[in-house]
Amino acid sequence: MTAPSSDIHDGIFDEIKARISTLQAGAPTAAPDGGARSQADVDGELAQLEADKTVLLAHWRTQDGVVATTAPVYARACGQPQPCPHVLGLAEKFGLA
Ligand SMILES: [Zn+2]
């Protein structure tokens, strides 16, 4: 078995949560080049992160409370073995692939 650990889901979830927390905490937004992100930019990033989190959750669990020990776990949203391409895409986006 060389399938990636399902921990990839946890890793992405933690990364998204951390980024949301950072943005919501009003971390310094001044960029090294002197530019600063506007509130609209921050809001846009937050909306994108929330959308990514929704995708992650939709493609994470299959059936509530059911964990197959012998068969691959299939994502409920797309029916593909986990981690499915949607989650792998997020992992790549967040630098976790
Ligand atoms: Zn999927």
# chains A, B, ... in the order shown; residues from 1 in each chain; ligands from 1
$ residues_near_ligand --ligand "ligand 1" --cutoff "8 Å" --atoms "only C-alpha atoms and all ligand atoms" --output "PyMOL selection string"
chain A and resi 58-60+75-80+82-87
$ atom_distance --atom1 "CA of His9 in chain A" --atom2 "CA of Leu56 in chain A"
7.3 Å
$ residues_around --residues "Phe94 in chain A" --least-positions-apart "5" --cutoff "10 Å" --atoms "only C-alpha atoms" --output "number ranges by chain"
A: 11-12, 15-16, 88-89
$ residues_around --residues "Val42 in chain A" --least-positions-apart "4" --cutoff "10 Å" --atoms "only C-alpha atoms" --output "PyMOL selection string"
chain A and resi 20+23-24+26+29+37-38+46-48
$ write_last_selection --atoms "C-alpha atoms" --output "mmCIF file, in the first residue's frame"
data_model
loop_
_atom_site.group_PDB
_atom_site.id
_atom_site.type_symbol
_atom_site.label_atom_id
_atom_site.label_comp_id
_atom_site.auth_asym_id
_atom_site.auth_seq_id
_atom_site.Cartn_x
_atom_site.Cartn_y
_atom_site.Cartn_z
ATOM 1 C CA ILE A 20 -8.184 32.340 7.985
ATOM 2 C CA LEU A 23 -6.386 37.193 8.074
ATOM 3 C CA GLN A 24 -9.126 37.638 10.672
ATOM 4 C CA GLY A 26 -5.645 41.609 11.155
ATOM 5 C CA THR A 29 -0.794 43.452 5.574
ATOM 6 C CA ARG A 37 -3.532 44.826 0.841
ATOM 7 C CA SER A 38 -6.870 46.495 0.950
ATOM 8 C CA LEU A 46 -11.173 34.906 3.226
ATOM 9 C CA ALA A 47 -14.014 34.063 0.854
ATOM 10 C CA GLN A 48 -11.674 31.916 -1.233
#
